[in-house]
$ cat my_file10.cif   # mmCIF, C-alpha atoms; chains and numbers go by the auth columns
data_upload
#
loop_
_atom_site.group_PDB
_atom_site.id
_atom_site.type_symbol
_atom_site.label_atom_id
_atom_site.label_comp_id
_atom_site.label_asym_id
_atom_site.label_seq_id
_atom_site.Cartn_x
_atom_site.Cartn_y
_atom_site.Cartn_z
_atom_site.B_iso_or_equiv
_atom_site.auth_seq_id
_atom_site.auth_asym_id
ATOM 1 C CA MET A 1 -2.884 -2.137 -23.008 0.00 290 A
ATOM 2 C CA ARG A 2 -3.231 -1.487 -19.285 0.00 291 A
ATOM 3 C CA GLU A 3 -1.458 1.230 -17.393 0.00 292 A
ATOM 4 C CA ILE A 4 1.381 -0.023 -15.154 0.00 293 A
ATOM 5 C CA LYS A 5 0.838 1.447 -11.683 0.00 294 A
ATOM 6 C CA PHE A 6 1.684 0.520 -8.117 0.00 295 A
ATOM 7 C CA ARG A 7 0.530 1.439 -4.634 0.00 296 A
ATOM 8 C CA PHE A 8 2.491 1.034 -1.437 0.00 297 A
ATOM 9 C CA TRP A 9 1.574 -0.105 2.102 0.00 298 A
ATOM 10 C CA HIS A 10 3.964 0.855 4.909 0.00 299 A
ATOM 11 C CA LYS A 11 4.170 -2.128 7.288 0.00 300 A
ATOM 12 C CA GLU A 12 5.266 -0.145 10.354 0.00 301 A
ATOM 13 C CA ASP A 13 2.921 2.848 9.906 0.00 302 A
ATOM 14 C CA LYS A 14 0.070 0.566 8.737 0.00 303 A
ATOM 15 C CA GLN A 15 -1.074 2.924 6.001 0.00 304 A
ATOM 16 C CA PHE A 16 -0.779 3.540 2.283 0.00 305 A
ATOM 17 C CA PHE A 17 1.851 6.102 1.412 0.00 306 A
ATOM 18 C CA SER A 18 3.646 7.821 -1.422 0.00 307 A
ATOM 19 C CA PRO A 19 7.271 6.694 -1.334 0.00 308 A
ATOM 20 C CA TRP A 20 8.320 9.746 -3.329 0.00 309 A
ATOM 21 C CA SER A 21 7.060 12.107 -0.607 0.00 310 A
ATOM 22 C CA ARG A 22 9.465 10.360 1.811 0.00 311 A
ATOM 23 C CA GLY A 23 12.392 10.571 -0.563 0.00 312 A
ATOM 24 C CA TRP A 24 12.157 6.900 -1.457 0.00 313 A
ATOM 25 C CA ARG A 25 12.841 5.611 -4.955 0.00 314 A
ATOM 26 C CA PHE A 26 10.976 2.682 -6.520 0.00 315 A
ATOM 27 C CA GLU A 27 12.680 0.724 -9.267 0.00 316 A
ATOM 28 C CA GLY A 28 9.980 -1.104 -11.194 0.00 317 A
ATOM 29 C CA GLU A 29 12.491 -3.233 -13.099 0.00 318 A
ATOM 30 C CA ASN A 30 13.528 -5.119 -9.960 0.00 319 A
ATOM 31 C CA GLY A 31 10.568 -4.234 -7.692 0.00 320 A
ATOM 32 C CA GLN A 32 12.812 -2.727 -5.003 0.00 321 A
ATOM 33 C CA MET A 33 12.541 0.429 -2.868 0.00 322 A
ATOM 34 C CA TYR A 34 15.568 2.570 -1.971 0.00 323 A
ATOM 35 C CA VAL A 35 16.297 5.576 0.239 0.00 324 A
ATOM 36 C CA ASN A 36 19.766 7.122 0.264 0.00 325 A
ATOM 37 C CA GLY A 37 21.076 4.063 -1.590 0.00 326 A
ATOM 38 C CA MET A 38 19.758 1.658 1.069 0.00 327 A
ATOM 39 C CA ASN A 39 17.255 -1.044 0.104 0.00 328 A
ATOM 40 C CA VAL A 40 14.122 -0.543 2.236 0.00 329 A
ATOM 41 C CA THR A 41 11.837 -2.923 0.362 0.00 330 A
ATOM 42 C CA GLU A 42 11.142 -5.002 3.499 0.00 331 A
ATOM 43 C CA ARG A 43 9.416 -1.967 5.076 0.00 332 A
ATOM 44 C CA CYS A 44 6.550 -1.981 2.611 0.00 333 A
ATOM 45 C CA GLU A 45 4.231 -4.105 0.519 0.00 334 A
ATOM 46 C CA ILE A 46 4.017 -3.251 -3.155 0.00 335 A
ATOM 47 C CA MET A 47 0.746 -3.882 -4.987 0.00 336 A
ATOM 48 C CA GLN A 48 0.261 -3.688 -8.739 0.00 337 A
ATOM 49 C CA TYR A 49 -2.767 -2.285 -10.536 0.00 338 A
ATOM 50 C CA THR A 50 -4.693 -5.001 -12.385 0.00 339 A
ATOM 51 C CA GLY A 51 -6.031 -2.730 -15.111 0.00 340 A
ATOM 52 C CA LEU A 52 -9.636 -3.173 -13.915 0.00 341 A
ATOM 53 C CA LYS A 53 -11.960 -0.780 -12.124 0.00 342 A
ATOM 54 C CA ASP A 54 -15.077 -1.440 -10.104 0.00 343 A
ATOM 55 C CA ARG A 55 -18.532 -0.029 -10.842 0.00 344 A
ATOM 56 C CA ASN A 56 -17.572 3.253 -9.158 0.00 345 A
ATOM 57 C CA GLY A 57 -14.397 3.661 -11.206 0.00 346 A
ATOM 58 C CA VAL A 58 -12.102 2.673 -8.301 0.00 347 A
ATOM 59 C CA GLU A 59 -8.906 0.927 -9.435 0.00 348 A
ATOM 60 C CA LEU A 60 -8.519 -2.745 -8.505 0.00 349 A
ATOM 61 C CA TYR A 61 -5.096 -3.766 -7.135 0.00 350 A
ATOM 62 C CA ASP A 62 -3.462 -7.012 -6.089 0.00 351 A
ATOM 63 C CA GLY A 63 -4.613 -7.682 -2.506 0.00 352 A
ATOM 64 C CA ASP A 64 -8.023 -6.027 -2.919 0.00 353 A
ATOM 65 C CA PHE A 65 -11.322 -7.667 -2.025 0.00 354 A
ATOM 66 C CA PHE A 66 -14.312 -7.159 -4.268 0.00 355 A
ATOM 67 C CA GLN A 67 -17.941 -8.164 -4.094 0.00 356 A
ATOM 68 C CA GLU A 68 -20.185 -9.462 -6.815 0.00 357 A
ATOM 69 C CA GLU A 69 -23.734 -10.133 -5.685 0.00 358 A
ATOM 70 C CA ASP A 70 -23.416 -12.466 -2.649 0.00 359 A
ATOM 71 C CA ARG A 71 -19.770 -13.427 -3.233 0.00 360 A
ATOM 72 C CA LEU A 72 -16.561 -11.935 -1.858 0.00 361 A
ATOM 73 C CA TYR A 73 -13.323 -12.359 -3.828 0.00 362 A
ATOM 74 C CA LEU A 74 -9.642 -11.690 -3.164 0.00 363 A
ATOM 75 C CA VAL A 75 -7.451 -10.503 -6.043 0.00 364 A
ATOM 76 C CA GLN A 76 -4.159 -12.412 -6.146 0.00 365 A
ATOM 77 C CA TRP A 77 -1.310 -13.047 -8.559 0.00 366 A
ATOM 78 C CA ASP A 78 -1.178 -16.707 -9.603 0.00 367 A
ATOM 79 C CA SER A 79 2.407 -17.408 -10.645 0.00 368 A
ATOM 80 C CA LYS A 80 1.532 -20.855 -12.020 0.00 369 A
ATOM 81 C CA ARG A 81 -0.978 -19.349 -14.441 0.00 370 A
ATOM 82 C CA ALA A 82 0.951 -16.062 -14.820 0.00 371 A
ATOM 83 C CA GLN A 83 -2.199 -14.013 -14.322 0.00 372 A
ATOM 84 C CA TYR A 84 -4.309 -12.288 -11.703 0.00 373 A
ATOM 85 C CA VAL A 85 -7.093 -14.399 -10.257 0.00 374 A
ATOM 86 C CA ALA A 86 -10.184 -13.753 -8.164 0.00 375 A
ATOM 87 C CA LYS A 87 -10.242 -16.214 -5.279 0.00 376 A
ATOM 88 C CA VAL A 88 -13.654 -16.890 -3.754 0.00 377 A
ATOM 89 C CA VAL A 89 -13.387 -15.946 -0.067 0.00 378 A
ATOM 90 C CA GLU A 90 -17.040 -15.976 0.919 0.00 379 A
ATOM 91 C CA THR A 91 -20.138 -17.370 -0.757 0.00 380 A
ATOM 92 C CA LYS A 92 -23.248 -19.311 0.152 0.00 381 A
ATOM 93 C CA TYR A 93 -22.245 -21.910 -2.462 0.00 382 A
ATOM 94 C CA VAL A 94 -19.919 -24.316 -0.644 0.00 383 A
ATOM 95 C CA LEU A 95 -18.562 -25.923 -3.822 0.00 384 A
ATOM 96 C CA THR A 96 -17.032 -22.675 -5.128 0.00 385 A
ATOM 97 C CA ARG A 97 -15.487 -21.457 -1.843 0.00 386 A
ATOM 98 C CA GLY A 98 -11.706 -21.328 -2.208 0.00 387 A
ATOM 99 C CA LEU A 99 -11.718 -21.626 -5.996 0.00 388 A
ATOM 100 C CA SER A 100 -9.891 -19.084 -8.158 0.00 389 A
ATOM 101 C CA PHE A 101 -11.076 -17.672 -11.459 0.00 390 A
ATOM 102 C CA PRO A 102 -9.063 -15.659 -14.010 0.00 391 A
ATOM 103 C CA LEU A 103 -9.536 -11.972 -13.233 0.00 392 A
ATOM 104 C CA TRP A 104 -10.005 -11.116 -16.908 0.00 393 A
ATOM 105 C CA GLN A 105 -13.427 -12.801 -16.653 0.00 394 A
ATOM 106 C CA TYR A 106 -14.547 -9.780 -14.613 0.00 395 A
ATOM 107 C CA ALA A 107 -13.250 -7.156 -17.047 0.00 396 A
ATOM 108 C CA ASP A 108 -16.692 -6.242 -18.369 0.00 397 A
ATOM 109 C CA ASN A 109 -18.585 -6.862 -15.144 0.00 398 A
ATOM 110 C CA VAL A 110 -20.160 -3.594 -14.072 0.00 399 A
ATOM 111 C CA MET A 111 -21.508 -5.156 -10.857 0.00 400 A
ATOM 112 C CA ILE A 112 -18.253 -5.641 -8.934 0.00 401 A
ATOM 113 C CA GLN A 113 -17.469 -3.295 -6.059 0.00 402 A
ATOM 114 C CA ILE A 114 -14.256 -3.046 -4.051 0.00 403 A
ATOM 115 C CA ALA A 115 -14.817 -4.109 -0.438 0.00 404 A
ATOM 116 C CA GLY A 116 -11.372 -3.361 1.005 0.00 405 A
ATOM 117 C CA ASN A 117 -7.885 -4.828 0.943 0.00 406 A
ATOM 118 C CA ILE A 118 -5.831 -7.333 2.931 0.00 407 A
ATOM 119 C CA TYR A 119 -3.956 -4.640 4.867 0.00 408 A
ATOM 120 C CA GLU A 120 -6.751 -2.341 6.015 0.00 409 A
ATOM 121 C CA HIS A 121 -9.350 -5.135 6.296 0.00 410 A
ATOM 122 C CA PRO A 122 -7.462 -8.315 7.351 0.00 411 A
ATOM 123 C CA HIS A 123 -10.602 -9.641 9.063 0.00 412 A
ATOM 124 C CA LEU A 124 -11.998 -10.428 5.598 0.00 413 A
ATOM 125 C CA LEU A 125 -9.269 -13.056 5.195 0.00 414 A
ATOM 126 C CA THR A 126 -10.845 -15.077 8.040 0.00 415 A
ATOM 127 C CA LYS A 127 -13.940 -15.576 5.907 0.00 416 A
ATOM 128 C CA GLU A 128 -11.758 -17.765 3.719 0.00 417 A
ATOM 129 C CA GLU A 129 -11.589 -20.546 6.320 0.00 418 A
#
$ encode --input "my_file10.cif" --output "structure tokens"
Amino acid sequence: MREIKFRFWHKEDKQFFSPWSRGWRFEGENGQMYVNGMNVTERCEIMQYTGLKDRNGVELYDGDFFQEEDRLYLVQWDSKRAQYVAKVVETKYVLTRGLSFPLWQYADNVMIQIAGNIYEHPHLLTKEE
């Protein structure tokens, strides 16, 4: 079973942060952030750990990009399939661009490497078009 973990991106400060160091409280049951009883969820983006790591042992989270050979993927939650998927963002193979594959297919792939995330590297999203 995978470890349940989250990371947090502060929208205003444009950086990852530890909510606990700011006196914030995260309630995993409802996915909300609080400080002094006030809901501050709209100030941050919450990303969940997928349970996978890249070839360097770096944890893969929702919103991360990863590379495999000549392809660039975006990790996303697919609510219709109720699973994480790897969406092809960039490839030389036109027919697979934009397709999504179940992330579990990459569980034993020792060749994937994290290439960034949608918050620190938004320019990678333009490759999708």
$ residues_around --input "my_file10.cif" --residues "Trp313 of chain A" --least-positions-apart "6" --cutoff "8 Å" --atoms "only C-alpha atoms" --output "PyMOL selection string"
chain A and resi 322-325
$ write_last_selection --input "my_file10.cif" --atoms "C-alpha atoms" --output "compact mmCIF listing (two decimals), in the frame of the given file"
# COMPACT_ATOMS: atom_id res chain seq x y z
CA MET A 322 12.54 0.43 -2.87
CA TYR A 323 15.57 2.57 -1.97
CA VAL A 324 16.30 5.58 0.24
CA ASN A 325 19.77 7.12 0.26
$ closest_residue --input "my_file10.cif" --among "A:Lys369, A:Arg311, A:Arg291, A:Lys342" --to "Asp397 of chain A" --atoms "all atoms listed in the file"
A:Lys342
$ closest_residue --input "my_file10.cif" --among "A:Ile335, A:Ala371, A:Ala396, A:Leu413" --to "Glu348 of chain A" --atoms "only C-alpha atoms"
A:Ala396
$ closest_residue --input "my_file10.cif" --among "A:Met400, A:Lys294, A:Tyr395, A:Arg314" --to "Met327 of chain A" --atoms "all atoms listed in the file"
A:Arg314
$ resolve_selection --input "my_file10.cif" --expression "the PyMOL selection byres ((chain A and resi 362-364) around 6)" --output "list in words"
Asp351, Gly352, Asp353, Phe354, Phe355, Leu361, Gln365, Val374, Ala375, Lys376, Val377 and Val378 of chain A
$ resolve_selection --input "my_file10.cif" --expression "the PyMOL selection byres ((chain A and resi 344) around 7)" --output "list in words"
Lys342, Asp343, Asn345, Gly346, Val399, Met400, Ile401 and Gln402 of chain A
$ atom_distance --input "my_file10.cif" --atom1 "atom CA of Val347 of chain A" --atom2 "atom CA of Gln394 of chain A"
17.6 Å
$ atom_distance --input "my_file10.cif" --atom1 "atom CA of Glu331 of chain A" --atom2 "atom CA of His299 of chain A"
9.4 Å
$ resolve_selection --input "my_file10.cif" --expression "the PyMOL selection byres ((chain A and resi 410) around 12)" --output "list of chain:residue names"
A:Lys303, A:Gln304, A:Gly352, A:Asp353, A:Phe354, A:Phe355, A:Leu363, A:Ile403, A:Ala404, A:Gly405, A:Asn406, A:Ile407, A:Tyr408, A:Glu409, A:Pro411, A:His412, A:Leu413, A:Leu414, A:Thr415, A:Lys416
$ atom_distance --input "my_file10.cif" --atom1 "atom CA of Glu334 of chain A" --atom2 "atom CA of Ile293 of chain A"
16.4 Å
$ closest_residue --input "my_file10.cif" --among "A:Arg296, A:Tyr382, A:Asp367, A:Leu349" --to "Gly317 of chain A" --atoms "all atoms listed in the file"
A:Arg296
$ axis_aligned_box --input "my_file10.cif" --around "segment 310-321 of chain A" --padding-each-side "4 Å" --output "AutoDock Vina command-line options"
--center_x 10.3 --center_y 3.5 --center_z -5.6 --size_x 14.5 --size_y 25.2 --size_z 22.9
$ residues_around --input "my_file10.cif" --residues "Thr380 of chain A" --least-positions-apart "5" --cutoff "10 Å" --atoms "all atoms listed in the file" --output "JSON, numbers by chain"
{"A": [357, 358, 359, 360, 361, 362, 385, 386, 387, 416, 417]}
$ closest_residue --input "my_file10.cif" --among "A:Trp393, A:Gln356, A:Cys333, A:Glu318" --to "Asp302 of chain A" --atoms "only C-alpha atoms"
A:Cys333
$ closest_residue --input "my_file10.cif" --among "A:Gln321, A:Leu384, A:Tyr350, A:Leu392" --to "Gln372 of chain A" --atoms "only C-alpha atoms"
A:Leu392
$ build_atoms --input "my_file10.cif" --residues "segment 314-343 of chain A" --atoms "N, CA and C atoms" --output "PDB file, in the frame of the given file"
ATOM      1  N   ARG A 314      12.807   5.832  -3.510  1.00  0.00           N
ATOM      2  CA  ARG A 314      12.841   5.611  -4.955  1.00  0.00           C
ATOM      3  C   ARG A 314      12.399   4.171  -5.229  1.00  0.00           C
ATOM      4  N   PHE A 315      11.457   4.005  -6.137  1.00  0.00           N
ATOM      5  CA  PHE A 315      10.976   2.682  -6.520  1.00  0.00           C
ATOM      6  C   PHE A 315      11.532   2.346  -7.885  1.00  0.00           C
ATOM      7  N   GLU A 316      12.168   1.187  -7.987  1.00  0.00           N
ATOM      8  CA  GLU A 316      12.680   0.724  -9.267  1.00  0.00           C
ATOM      9  C   GLU A 316      11.799  -0.427  -9.735  1.00  0.00           C
ATOM     10  N   GLY A 317      10.931  -0.120 -10.691  1.00  0.00           N
ATOM     11  CA  GLY A 317       9.980  -1.104 -11.194  1.00  0.00           C
ATOM     12  C   GLY A 317      10.624  -2.309 -11.850  1.00  0.00           C
ATOM     13  N   GLU A 318      11.822  -2.127 -12.414  1.00  0.00           N
ATOM     14  CA  GLU A 318      12.491  -3.233 -13.099  1.00  0.00           C
ATOM     15  C   GLU A 318      12.812  -4.382 -12.149  1.00  0.00           C
ATOM     16  N   ASN A 319      13.202  -4.062 -10.918  1.00  0.00           N
ATOM     17  CA  ASN A 319      13.528  -5.119  -9.960  1.00  0.00           C
ATOM     18  C   ASN A 319      12.558  -5.156  -8.774  1.00  0.00           C
ATOM     19  N   GLY A 320      11.571  -4.247  -8.750  1.00  0.00           N
ATOM     20  CA  GLY A 320      10.568  -4.234  -7.692  1.00  0.00           C
ATOM     21  C   GLY A 320      11.110  -3.860  -6.324  1.00  0.00           C
ATOM     22  N   GLN A 321      12.164  -3.080  -6.272  1.00  0.00           N
ATOM     23  CA  GLN A 321      12.812  -2.727  -5.003  1.00  0.00           C
ATOM     24  C   GLN A 321      12.639  -1.245  -4.676  1.00  0.00           C
ATOM     25  N   MET A 322      12.652  -0.938  -3.366  1.00  0.00           N
ATOM     26  CA  MET A 322      12.541   0.429  -2.868  1.00  0.00           C
ATOM     27  C   MET A 322      13.878   0.831  -2.253  1.00  0.00           C
ATOM     28  N   TYR A 323      14.291   2.081  -2.498  1.00  0.00           N
ATOM     29  CA  TYR A 323      15.568   2.570  -1.971  1.00  0.00           C
ATOM     30  C   TYR A 323      15.396   3.955  -1.362  1.00  0.00           C
ATOM     31  N   VAL A 324      16.182   4.233  -0.317  1.00  0.00           N
ATOM     32  CA  VAL A 324      16.297   5.576   0.239  1.00  0.00           C
ATOM     33  C   VAL A 324      17.772   5.769   0.589  1.00  0.00           C
ATOM     34  N   ASN A 325      18.340   6.839   0.063  1.00  0.00           N
ATOM     35  CA  ASN A 325      19.766   7.122   0.264  1.00  0.00           C
ATOM     36  C   ASN A 325      20.648   5.916  -0.074  1.00  0.00           C
ATOM     37  N   GLY A 326      20.292   5.210  -1.145  1.00  0.00           N
ATOM     38  CA  GLY A 326      21.076   4.063  -1.590  1.00  0.00           C
ATOM     39  C   GLY A 326      20.843   2.789  -0.801  1.00  0.00           C
ATOM     40  N   MET A 327      20.021   2.838   0.251  1.00  0.00           N
ATOM     41  CA  MET A 327      19.758   1.658   1.069  1.00  0.00           C
ATOM     42  C   MET A 327      18.444   1.007   0.641  1.00  0.00           C
ATOM     43  N   ASN A 328      18.459  -0.312   0.486  1.00  0.00           N
ATOM     44  CA  ASN A 328      17.255  -1.044   0.104  1.00  0.00           C
ATOM     45  C   ASN A 328      16.315  -1.119   1.312  1.00  0.00           C
ATOM     46  N   VAL A 329      15.109  -0.565   1.149  1.00  0.00           N
ATOM     47  CA  VAL A 329      14.122  -0.543   2.236  1.00  0.00           C
ATOM     48  C   VAL A 329      12.851  -1.295   1.836  1.00  0.00           C
ATOM     49  N   THR A 330      12.991  -2.200   0.888  1.00  0.00           N
ATOM     50  CA  THR A 330      11.837  -2.923   0.362  1.00  0.00           C
ATOM     51  C   THR A 330      11.079  -3.673   1.452  1.00  0.00           C
ATOM     52  N   GLU A 331      11.787  -4.218   2.446  1.00  0.00           N
ATOM     53  CA  GLU A 331      11.142  -5.002   3.499  1.00  0.00           C
ATOM     54  C   GLU A 331      10.211  -4.158   4.368  1.00  0.00           C
ATOM     55  N   ARG A 332      10.278  -2.845   4.274  1.00  0.00           N
ATOM     56  CA  ARG A 332       9.416  -1.967   5.076  1.00  0.00           C
ATOM     57  C   ARG A 332       8.030  -1.764   4.467  1.00  0.00           C
ATOM     58  N   CYS A 333       7.848  -2.225   3.242  1.00  0.00           N
ATOM     59  CA  CYS A 333       6.550  -1.981   2.611  1.00  0.00           C
ATOM     60  C   CYS A 333       6.099  -3.159   1.755  1.00  0.00           C
ATOM     61  N   GLU A 334       4.826  -3.150   1.453  1.00  0.00           N
ATOM     62  CA  GLU A 334       4.231  -4.105   0.519  1.00  0.00           C
ATOM     63  C   GLU A 334       3.910  -3.326  -0.743  1.00  0.00           C
ATOM     64  N   ILE A 335       4.239  -3.902  -1.865  1.00  0.00           N
ATOM     65  CA  ILE A 335       4.017  -3.251  -3.155  1.00  0.00           C
ATOM     66  C   ILE A 335       2.912  -4.002  -3.888  1.00  0.00           C
ATOM     67  N   MET A 336       1.873  -3.278  -4.290  1.00  0.00           N
ATOM     68  CA  MET A 336       0.746  -3.882  -4.987  1.00  0.00           C
ATOM     69  C   MET A 336       0.620  -3.288  -6.384  1.00  0.00           C
ATOM     70  N   GLN A 337       0.363  -4.138  -7.355  1.00  0.00           N
ATOM     71  CA  GLN A 337       0.261  -3.688  -8.739  1.00  0.00           C
ATOM     72  C   GLN A 337      -1.197  -3.545  -9.162  1.00  0.00           C
ATOM     73  N   TYR A 338      -1.452  -2.535  -9.963  1.00  0.00           N
ATOM     74  CA  TYR A 338      -2.767  -2.285 -10.536  1.00  0.00           C
ATOM     75  C   TYR A 338      -3.088  -3.372 -11.550  1.00  0.00           C
ATOM     76  N   THR A 339      -4.294  -3.907 -11.499  1.00  0.00           N
ATOM     77  CA  THR A 339      -4.693  -5.001 -12.385  1.00  0.00           C
ATOM     78  C   THR A 339      -5.179  -4.526 -13.754  1.00  0.00           C
ATOM     79  N   GLY A 340      -5.471  -3.247 -13.867  1.00  0.00           N
ATOM     80  CA  GLY A 340      -6.031  -2.730 -15.111  1.00  0.00           C
ATOM     81  C   GLY A 340      -7.552  -2.666 -15.096  1.00  0.00           C
ATOM     82  N   LEU A 341      -8.175  -3.185 -14.034  1.00  0.00           N
ATOM     83  CA  LEU A 341      -9.636  -3.173 -13.915  1.00  0.00           C
ATOM     84  C   LEU A 341     -10.091  -2.140 -12.898  1.00  0.00           C
ATOM     85  N   LYS A 342     -11.327  -1.696 -13.068  1.00  0.00           N
ATOM     86  CA  LYS A 342     -11.960  -0.780 -12.124  1.00  0.00           C
ATOM     87  C   LYS A 342     -13.302  -1.353 -11.724  1.00  0.00           C
ATOM     88  N   ASP A 343     -13.769  -0.967 -10.540  1.00  0.00           N
ATOM     89  CA  ASP A 343     -15.077  -1.440 -10.104  1.00  0.00           C
ATOM     90  C   ASP A 343     -16.172  -0.540 -10.669  1.00  0.00           C
TER      91      ASP A 343
END
